[in-house]
file upload18.tsv (TSV, C-alpha atoms)
chain	number	residue	atom	x	y	z
A	3	MET	CA	53.85	118.03	-38.98
A	4	LYS	CA	51.73	120.97	-40.12
A	5	GLU	CA	54.83	122.59	-41.61
A	6	LEU	CA	55.43	119.45	-43.67
A	7	ILE	CA	51.86	119.63	-44.97
A	8	ASP	CA	52.50	123.24	-46.04
A	9	THR	CA	55.72	122.15	-47.79
A	10	PHE	CA	53.87	119.34	-49.58
A	11	LEU	CA	51.03	121.61	-50.71
A	12	ASN	CA	53.53	124.16	-51.98
A	13	TYR	CA	55.17	121.37	-54.00
A	14	LEU	CA	51.79	120.42	-55.52
A	15	ALA	CA	51.08	124.02	-56.48
A	16	VAL	CA	54.50	124.93	-57.86
A	17	GLU	CA	55.92	121.67	-59.21
A	18	ARG	CA	52.74	119.82	-60.17
A	19	GLY	CA	50.68	122.87	-61.16
A	20	LEU	CA	47.51	121.71	-59.40
A	21	SER	CA	44.61	124.14	-59.18
A	22	ASN	CA	43.86	126.24	-56.12
A	23	ASN	CA	40.61	124.30	-55.50
A	24	THR	CA	42.53	121.00	-55.49
A	25	ILE	CA	45.10	122.40	-53.05
A	26	ILE	CA	42.30	123.56	-50.73
A	27	SER	CA	40.74	120.07	-50.82
A	28	TYR	CA	44.09	118.41	-50.08
A	29	ARG	CA	44.69	120.77	-47.15
A	30	GLU	CA	41.28	119.93	-45.68
A	31	ASP	CA	41.88	116.18	-46.10
A	32	LEU	CA	45.38	116.24	-44.59
A	33	ASN	CA	44.33	118.46	-41.68
A	34	ALA	CA	41.59	115.93	-40.80
A	35	TYR	CA	44.19	113.15	-41.02
A	36	LEU	CA	46.67	115.07	-38.87
A	37	ASP	CA	44.03	115.82	-36.21
A	38	PHE	CA	43.26	112.10	-35.98
A	39	ILE	CA	46.95	111.20	-35.71
A	40	GLU	CA	47.53	113.75	-32.93
A	41	LYS	CA	44.46	112.51	-31.01
A	42	SER	CA	45.95	109.01	-31.27
A	43	ASN	CA	48.92	110.33	-29.25
A	44	ILE	CA	51.32	110.02	-32.18
A	45	ASN	CA	53.69	112.97	-32.17
A	46	THR	CA	56.01	112.05	-35.04
A	47	LEU	CA	55.26	110.92	-38.59
A	48	SER	CA	57.73	108.04	-38.36
A	49	LYS	CA	55.46	106.32	-35.80
A	50	ILE	CA	52.46	106.22	-38.15
A	51	SER	CA	51.57	102.68	-39.22
A	52	LYS	CA	49.24	101.12	-41.76
A	53	ASN	CA	46.80	100.39	-38.92
A	54	ASN	CA	46.66	104.08	-37.98
A	55	ILE	CA	45.67	105.05	-41.52
A	56	THR	CA	43.08	102.25	-41.68
A	57	SER	CA	41.66	103.38	-38.33
A	58	PHE	CA	41.40	106.93	-39.68
A	59	MET	CA	39.38	105.67	-42.66
A	60	PHE	CA	36.98	103.70	-40.43
A	61	CYS	CA	36.63	106.72	-38.15
A	62	GLN	CA	35.65	108.84	-41.16
A	63	LYS	CA	33.08	106.24	-42.16
A	64	GLU	CA	31.55	106.26	-38.66
A	65	LYS	CA	31.24	110.05	-38.89
A	66	GLY	CA	29.09	109.61	-41.99
A	67	ILE	CA	31.71	110.78	-44.49
A	68	SER	CA	30.86	109.45	-47.97
A	69	VAL	CA	32.88	106.64	-49.55
A	70	ASN	CA	33.97	109.01	-52.33
A	71	SER	CA	35.31	111.54	-49.82
A	72	ILE	CA	37.15	108.83	-47.85
A	73	ALA	CA	38.76	107.57	-51.05
A	74	ARG	CA	39.81	111.14	-51.91
A	75	ARG	CA	41.33	111.58	-48.44
A	76	LEU	CA	43.24	108.32	-48.79
A	77	ALA	CA	44.61	109.54	-52.15
A	78	ALA	CA	45.83	112.73	-50.45
A	79	ILE	CA	47.43	110.72	-47.63
A	80	ARG	CA	49.19	108.44	-50.14
A	81	MET	CA	50.59	111.39	-52.08
A	82	PHE	CA	51.73	113.03	-48.84
A	83	HIS	CA	53.57	109.92	-47.59
A	84	ARG	CA	55.06	109.29	-51.04
A	85	PHE	CA	56.38	112.85	-51.03
A	86	LEU	CA	57.88	112.38	-47.54
A	87	THR	CA	59.69	109.17	-48.51
A	88	ARG	CA	60.97	110.64	-51.77
A	89	GLU	CA	62.34	113.64	-49.87
A	90	ARG	CA	63.88	111.18	-47.36
A	91	ILE	CA	61.96	112.69	-44.48
A	92	LEU	CA	60.53	109.22	-43.84
A	93	LYS	CA	62.19	105.90	-44.50
A	94	ASP	CA	59.02	103.87	-45.13
A	95	ASP	CA	55.60	104.63	-46.59
A	96	PRO	CA	52.84	103.09	-44.41
A	97	SER	CA	50.13	103.84	-46.98
A	98	THR	CA	51.40	101.60	-49.80
A	99	LEU	CA	49.53	98.41	-48.87
A	100	ILE	CA	46.18	99.99	-48.03
A	101	ASP	CA	43.30	99.17	-50.36
A	102	SER	CA	41.15	102.04	-51.53
A	103	PRO	CA	37.45	101.79	-50.62
A	104	LYS	CA	35.47	100.59	-53.60
A	105	LEU	CA	33.77	103.47	-55.36
A	106	TRP	CA	30.32	103.10	-56.83
A	107	LYS	CA	30.76	105.29	-59.84
A	108	LYS	CA	27.61	107.22	-60.57
A	109	ILE	CA	26.74	107.07	-64.25
A	110	PRO	CA	26.31	110.69	-65.32
A	111	GLU	CA	23.08	111.94	-66.82
A	112	THR	CA	23.20	112.55	-70.56
A	113	LEU	CA	20.92	114.00	-73.22
A	114	THR	CA	19.68	112.19	-76.30
A	115	LEU	CA	20.60	113.54	-79.73
A	116	ASN	CA	17.10	114.98	-80.09
A	117	GLU	CA	17.36	116.67	-76.69
A	118	VAL	CA	20.73	118.20	-77.61
A	119	GLU	CA	19.27	119.51	-80.87
A	120	ALA	CA	16.25	120.96	-79.05
A	121	LEU	CA	18.49	122.59	-76.44
A	122	ILE	CA	20.82	124.22	-78.97
A	123	MET	CA	17.91	125.57	-81.03
A	124	GLN	CA	16.32	127.39	-78.07
A	125	PRO	CA	18.36	130.66	-78.14
A	126	ASP	CA	16.91	133.35	-80.39
A	127	ALA	CA	19.59	133.77	-83.10
A	128	ARG	CA	18.07	137.16	-84.01
A	129	SER	CA	19.18	138.70	-80.71
A	130	VAL	CA	22.66	139.63	-79.51
A	131	GLN	CA	22.55	137.38	-76.44
A	132	GLY	CA	20.83	134.62	-78.38
A	133	LEU	CA	23.71	134.46	-80.88
A	134	ARG	CA	26.18	134.24	-78.01
A	135	ASP	CA	24.19	131.62	-76.11
A	136	ARG	CA	23.83	129.39	-79.16
A	137	ALA	CA	27.59	129.65	-79.78
A	138	ILE	CA	28.18	128.65	-76.15
A	139	LEU	CA	25.91	125.60	-76.37
A	140	GLU	CA	27.37	124.54	-79.73
A	141	THR	CA	30.93	124.87	-78.36
A	142	LEU	CA	30.22	122.89	-75.20
A	143	TYR	CA	28.66	120.03	-77.15
A	144	ALA	CA	31.15	120.10	-80.03
A	145	THR	CA	34.22	119.92	-77.79
A	146	GLY	CA	33.16	118.31	-74.50
A	147	MET	CA	34.95	121.11	-72.65
A	148	ARG	CA	34.45	121.61	-68.95
A	149	VAL	CA	32.45	124.74	-68.13
A	150	SER	CA	35.51	126.20	-66.35
A	151	GLU	CA	37.58	125.64	-69.51
A	152	ALA	CA	35.00	127.26	-71.80
A	153	VAL	CA	34.74	130.28	-69.49
A	154	ASN	CA	38.50	130.82	-69.73
A	155	LEU	CA	38.72	130.08	-73.46
A	156	LYS	CA	40.59	132.91	-75.19
A	157	LYS	CA	39.63	134.23	-78.59
A	158	ASP	CA	43.17	133.74	-79.95
A	159	ASN	CA	43.05	130.06	-78.95
A	160	VAL	CA	40.24	129.37	-81.43
A	161	ASN	CA	41.19	128.75	-85.05
A	162	LEU	CA	38.00	128.62	-87.10
A	163	ASP	CA	39.88	128.30	-90.42
A	164	ILE	CA	41.25	124.86	-89.57
A	165	GLY	CA	38.49	123.98	-87.07
A	166	PHE	CA	40.40	123.50	-83.84
A	167	LEU	CA	40.69	125.19	-80.47
A	168	ARG	CA	43.42	125.10	-77.84
A	169	CYS	CA	42.13	124.36	-74.36
A	170	ILE	CA	43.89	124.78	-71.01
A	171	GLY	CA	42.54	122.13	-68.65
A	172	LYS	CA	43.20	120.84	-65.15
A	173	GLY	CA	46.78	121.23	-63.93
A	174	ASN	CA	47.39	123.78	-66.72
A	175	LYS	CA	47.55	120.90	-69.21
A	176	GLU	CA	46.97	121.95	-72.78
A	177	ARG	CA	45.04	119.97	-75.36
A	178	VAL	CA	43.77	120.59	-78.89
A	179	ILE	CA	40.14	119.76	-79.67
A	180	PRO	CA	38.46	119.74	-83.11
A	181	LEU	CA	35.38	121.86	-83.78
A	182	GLY	CA	32.48	120.65	-85.88
A	183	LYS	CA	31.06	122.64	-88.82
A	184	LYS	CA	27.93	123.72	-86.94
A	185	ALA	CA	29.98	125.04	-84.01
A	186	ILE	CA	32.28	126.92	-86.41
A	187	VAL	CA	29.28	128.57	-88.14
A	188	SER	CA	27.72	129.49	-84.80
A	189	ILE	CA	30.94	130.96	-83.35
A	190	ASN	CA	31.50	132.96	-86.56
A	191	LYS	CA	28.01	134.45	-86.35
A	192	TYR	CA	28.62	135.34	-82.70
A	193	LEU	CA	31.98	136.97	-83.49
A	194	GLU	CA	30.51	139.03	-86.32
A	195	GLY	CA	27.06	139.94	-85.04
A	196	SER	CA	27.12	139.70	-81.25
A	197	ARG	CA	30.51	139.97	-79.54
A	198	PRO	CA	31.34	143.52	-80.79
A	199	LYS	CA	27.97	144.77	-79.49
A	200	LEU	CA	28.46	143.08	-76.11
A	201	LEU	CA	31.95	144.58	-75.80
A	202	ASN	CA	30.66	148.06	-76.77
A	203	ASN	CA	34.13	149.39	-77.71
A	204	LYS	CA	35.79	147.52	-74.83
A	205	GLU	CA	38.46	144.84	-75.28
A	206	SER	CA	38.63	141.31	-73.93
A	207	GLU	CA	40.97	138.40	-74.58
A	208	PHE	CA	38.21	135.91	-73.74
A	209	LEU	CA	35.96	134.44	-76.42
A	210	PHE	CA	32.69	134.57	-74.52
A	211	VAL	CA	31.76	137.85	-72.85
A	212	SER	CA	28.83	139.08	-70.77
A	213	ARG	CA	26.42	141.88	-71.62
A	214	PHE	CA	28.71	144.14	-69.61
A	215	GLY	CA	31.66	143.38	-71.87
A	216	LYS	CA	33.48	141.29	-69.26
A	217	LYS	CA	34.46	137.61	-69.15
A	218	ILE	CA	31.32	135.58	-68.66
A	219	SER	CA	31.14	133.73	-65.33
A	220	ARG	CA	30.73	130.02	-64.62
A	221	GLN	CA	27.42	130.76	-62.93
A	222	SER	CA	26.17	132.47	-66.11
A	223	PHE	CA	27.18	129.45	-68.22
A	224	TRP	CA	25.28	127.21	-65.83
A	225	LYS	CA	22.20	129.47	-65.94
A	226	ILE	CA	22.28	129.52	-69.75
A	227	VAL	CA	22.25	125.70	-69.99
A	228	LYS	CA	19.51	125.41	-67.36
A	229	LYS	CA	17.38	128.18	-68.89
A	230	TYR	CA	17.30	126.67	-72.38
A	231	ALA	CA	16.85	123.12	-71.07
A	232	LYS	CA	13.71	124.35	-69.32
A	233	SER	CA	12.40	126.07	-72.45
A	234	ALA	CA	13.16	122.88	-74.44
A	235	ARG	CA	11.04	120.99	-71.87
A	236	ILE	CA	13.84	118.62	-70.99
A	237	LYS	CA	12.74	116.82	-67.83
A	238	LYS	CA	16.12	115.37	-66.85
A	239	PRO	CA	18.10	116.95	-64.00
A	240	ILE	CA	20.36	119.50	-65.69
A	241	LYS	CA	23.91	119.83	-64.39
A	242	PRO	CA	26.79	121.97	-65.73
A	243	HIS	CA	28.60	119.04	-67.36
A	244	ILE	CA	25.59	117.43	-69.04
A	245	LEU	CA	26.76	118.49	-72.53
A	246	ARG	CA	30.27	117.18	-71.75
A	247	HIS	CA	28.81	113.81	-70.71
A	248	SER	CA	26.58	113.79	-73.80
A	249	PHE	CA	29.55	114.61	-76.05
A	250	ALA	CA	31.53	111.61	-74.77
A	251	THR	CA	28.60	109.21	-74.79
A	252	HIS	CA	27.48	110.10	-78.33
A	253	LEU	CA	31.04	109.77	-79.70
A	254	LEU	CA	31.40	106.28	-78.22
A	255	GLU	CA	27.92	105.27	-79.41
A	256	HIS	CA	28.94	106.22	-82.95
A	257	GLY	CA	32.16	104.23	-82.92
A	258	ALA	CA	34.87	106.55	-81.53
A	259	ASP	CA	37.73	104.77	-79.77
A	260	LEU	CA	38.18	105.26	-76.03
A	261	ARG	CA	41.71	106.72	-76.26
A	262	SER	CA	40.61	109.50	-78.62
A	263	VAL	CA	37.69	110.41	-76.38
A	264	GLN	CA	40.04	110.40	-73.38
A	265	GLU	CA	42.36	112.83	-75.16
A	266	MET	CA	39.55	115.18	-76.15
A	267	LEU	CA	38.08	115.18	-72.64
A	268	GLY	CA	41.50	115.77	-71.06
A	269	HIS	CA	41.29	112.78	-68.70
A	270	SER	CA	44.70	111.84	-67.28
A	271	ASP	CA	43.46	108.30	-66.53
A	272	ILE	CA	41.50	106.25	-69.07
A	273	SER	CA	39.52	104.61	-66.25
A	274	THR	CA	37.73	107.96	-65.84
A	275	THR	CA	36.68	107.84	-69.50
A	276	GLN	CA	35.55	104.21	-69.21
A	277	ILE	CA	32.50	105.25	-67.20
A	278	TYR	CA	30.91	106.27	-70.52
A	279	THR	CA	31.18	102.69	-71.79
A	280	HIS	CA	28.93	101.68	-68.87
A	281	ILE	CA	26.32	104.11	-70.17
A	282	ASN	CA	26.41	102.31	-73.53
A	283	LYS	CA	26.01	98.94	-71.83
A	284	ASP	CA	23.03	100.16	-69.82
A	285	ARG	CA	21.46	101.56	-72.98
A	286	LEU	CA	21.91	98.23	-74.77
A	287	LYS	CA	20.38	96.38	-71.81
A	288	ASN	CA	17.34	98.67	-71.89
A	289	ILE	CA	16.94	98.18	-75.65
A	290	HIS	CA	17.28	94.39	-75.23
A	291	ARG	CA	14.76	94.35	-72.40
A	292	GLN	CA	12.31	96.50	-74.36
A	293	PHE	CA	12.43	94.75	-77.73
A	294	HIS	CA	13.61	91.16	-77.25
A	295	PRO	CA	10.71	88.67	-77.44
A	296	ARG	CA	12.08	86.80	-74.40
A	297	PRO	CA	13.54	89.54	-72.16
call {"tool": "encode", "arguments": {"input": "upload18.tsv", "output": "structure tokens"}}
result
Amino acid sequence: MKELIDTFLNYLAVERGLSNNTIISYREDLNAYLDFIEKSNINTLSKISKNNITSFMFCQKEKGISVNSIARRLAAIRMFHRFLTRERILKDDPSTLIDSPKLWKKIPETLTLNEVEALIMQPDARSVQGLRDRAILETLYATGMRVSEAVNLKKDNVNLDIGFLRCIGKGNKERVIPLGKKAIVSINKYLEGSRPKLLNNKESEFLFVSRFGKKISRQSFWKIVKKYAKSARIKKPIKPHILRHSFATHLLEHGADLRSVQEMLGHSDISTTQIYTHINKDRLKNIHRQFHPRP
């Protein structure tokens, strides 16, 4: 059975192009599932029933595994069994009729427009690193890119003349995202006055580089956002994707349609993007409660 898991994970990596982190998560989930099946004295996959999978989920719950993690493990199990039936290793898929545990989607923290403005204005544009940091913040907010995507953004994938960049997202999926005027100005200033000095006669294909002339790390991106949020006296908990969440929320608040926001964010499923509509509803409720004469 472990060999079949290896075959399945190889299929996900080669045929589906899933990231290494996703493959590692799937391996962990399926190994936990397989351990449970073996302890249930089931020695062949064909003997696995719907009840066995349900029992595994309840066992995970009793161990204190979060609902989100259980749902993720069920998704891995479903994909695994679907793969086995498609390859005709199994005749039936016992996972098809199992309901996924309901997920309480956490509404992500976002910044207000004023907070975004204060954050972006914190870097000192007179310094080499300040020019770079402002370009980073402007790019994250202008595009809604994931931090991992911005880190790997290549200079040749940014077209400032027409105001677009080409982004490689999850699963090596490519998307094109527009850049706003302020982001274009900021990136131009960085390219002219900062990047050559950071490179110091070195070469790099990546847009954003460190003070050592190498590709900037995810940790550095995270520290940059946190550092300037602190200096802007933003009290909210700052997480790496806060500018991405703010990008989506502000677009929807100003009338953007959900499909366009989905495309720019690179979400494969629109239900993932719909979480930002809940933020709008909560905001409207708060406004109603605060200002209506009969709340």
call {"tool": "residues_around", "arguments": {"input": "upload18.tsv", "residues": "Ile55 (chain A)", "least_positions_apart": "4", "cutoff": "8 Å", "atoms": "all atoms listed in the file", "output": "PyMOL selection string"}}
result
chain A and resi 50-51+59+96-97
call {"tool": "write_last_selection", "arguments": {"input": "upload18.tsv", "atoms": "C-alpha atoms", "output": "compact mmCIF listing (two decimals), keeping the file's coordinate frame"}}
result
# COMPACT_ATOMS: atom_id res chain seq x y z
CA ILE A 50 52.46 106.22 -38.15
CA SER A 51 51.57 102.68 -39.22
CA MET A 59 39.38 105.67 -42.66
CA PRO A 96 52.84 103.09 -44.41
CA SER A 97 50.13 103.84 -46.98
call {"tool": "atom_distance", "arguments": {"input": "upload18.tsv", "atom1": "CA of Asn70 (chain A)", "atom2": "CA of Asn12 (chain A)"}}
result
24.7 Å
call {"tool": "closest_atom_pairs", "arguments": {"input": "upload18.tsv", "of": "region 144-196 of chain A", "to": "region 123-134 of chain A", "cutoff": "7 Å", "atoms": "only C-alpha atoms", "output": "JSON lines"}}
result
{"residue": "A:Lys191", "atom": "CA", "partner": "A:Leu133", "partner_atom": "CA", "distance": 7.0}
{"residue": "A:Tyr192", "atom": "CA", "partner": "A:Leu133", "partner_atom": "CA", "distance": 5.3}
{"residue": "A:Ser196", "atom": "CA", "partner": "A:Val130", "partner_atom": "CA", "distance": 4.8}
call {"tool": "closest_residue", "arguments": {"input": "upload18.tsv", "among": "A:Leu20, A:Ile100, A:Ile189, A:Ala77", "to": "Lys52 (chain A)", "atoms": "all atoms listed in the file"}}
result
A:Ile100
call {"tool": "residues_around", "arguments": {"input": "upload18.tsv", "residues": "Leu181 (chain A)", "least_positions_apart": "5", "cutoff": "12 Å", "atoms": "all atoms listed in the file", "output": "JSON, numbers by chain"}}
result
{"A": [137, 140, 141, 142, 143, 144, 145, 146, 147, 160, 161, 162, 163, 164, 165, 166, 167, 168, 169, 186, 187, 188, 189, 266]}
call {"tool": "closest_residue", "arguments": {"input": "upload18.tsv", "among": "A:Leu32, A:Leu47, A:Leu139, A:Ala250", "to": "Thr274 (chain A)", "atoms": "only C-alpha atoms"}}
result
A:Ala250
call {"tool": "atom_distance", "arguments": {"input": "upload18.tsv", "atom1": "CA of Ile79 (chain A)", "atom2": "CA of Asp101 (chain A)"}}
result
12.6 Å
call {"tool": "closest_residue", "arguments": {"input": "upload18.tsv", "among": "A:Ile44, A:Ile170, A:Leu11, A:Leu254", "to": "Thr279 (chain A)", "atoms": "all atoms listed in the file"}}
result
A:Leu254
call {"tool": "atom_distance", "arguments": {"input": "upload18.tsv", "atom1": "CA of Tyr230 (chain A)", "atom2": "CA of Glu255 (chain A)"}}
result
24.9 Å
call {"tool": "residues_around", "arguments": {"input": "upload18.tsv", "residues": "Asn203 (chain A)", "least_positions_apart": "3", "cutoff": "12 Å", "atoms": "only C-alpha atoms", "output": "PyMOL selection string"}}
result
chain A and resi 197-200+206+214-216
call {"tool": "closest_residue", "arguments": {"input": "upload18.tsv", "among": "A:Ser262, A:Ser42, A:Gly195, A:Phe10", "to": "Val178 (chain A)", "atoms": "only C-alpha atoms"}}
result
A:Ser262
call {"tool": "closest_residue", "arguments": {"input": "upload18.tsv", "among": "A:Leu86, A:Ile240, A:Leu245, A:Ile122", "to": "Thr9 (chain A)", "atoms": "all atoms listed in the file"}}
result
A:Leu86
call {"tool": "residues_around", "arguments": {"input": "upload18.tsv", "residues": "Arg29 (chain A)", "least_positions_apart": "2", "cutoff": "9 Å", "atoms": "only C-alpha atoms", "output": "list in words"}}
result
Ile7, Asp8, Leu11, Thr24, Ile25, Ile26, Ser27, Asp31, Leu32, Asn33, Ala34 and Ala78 of chain A
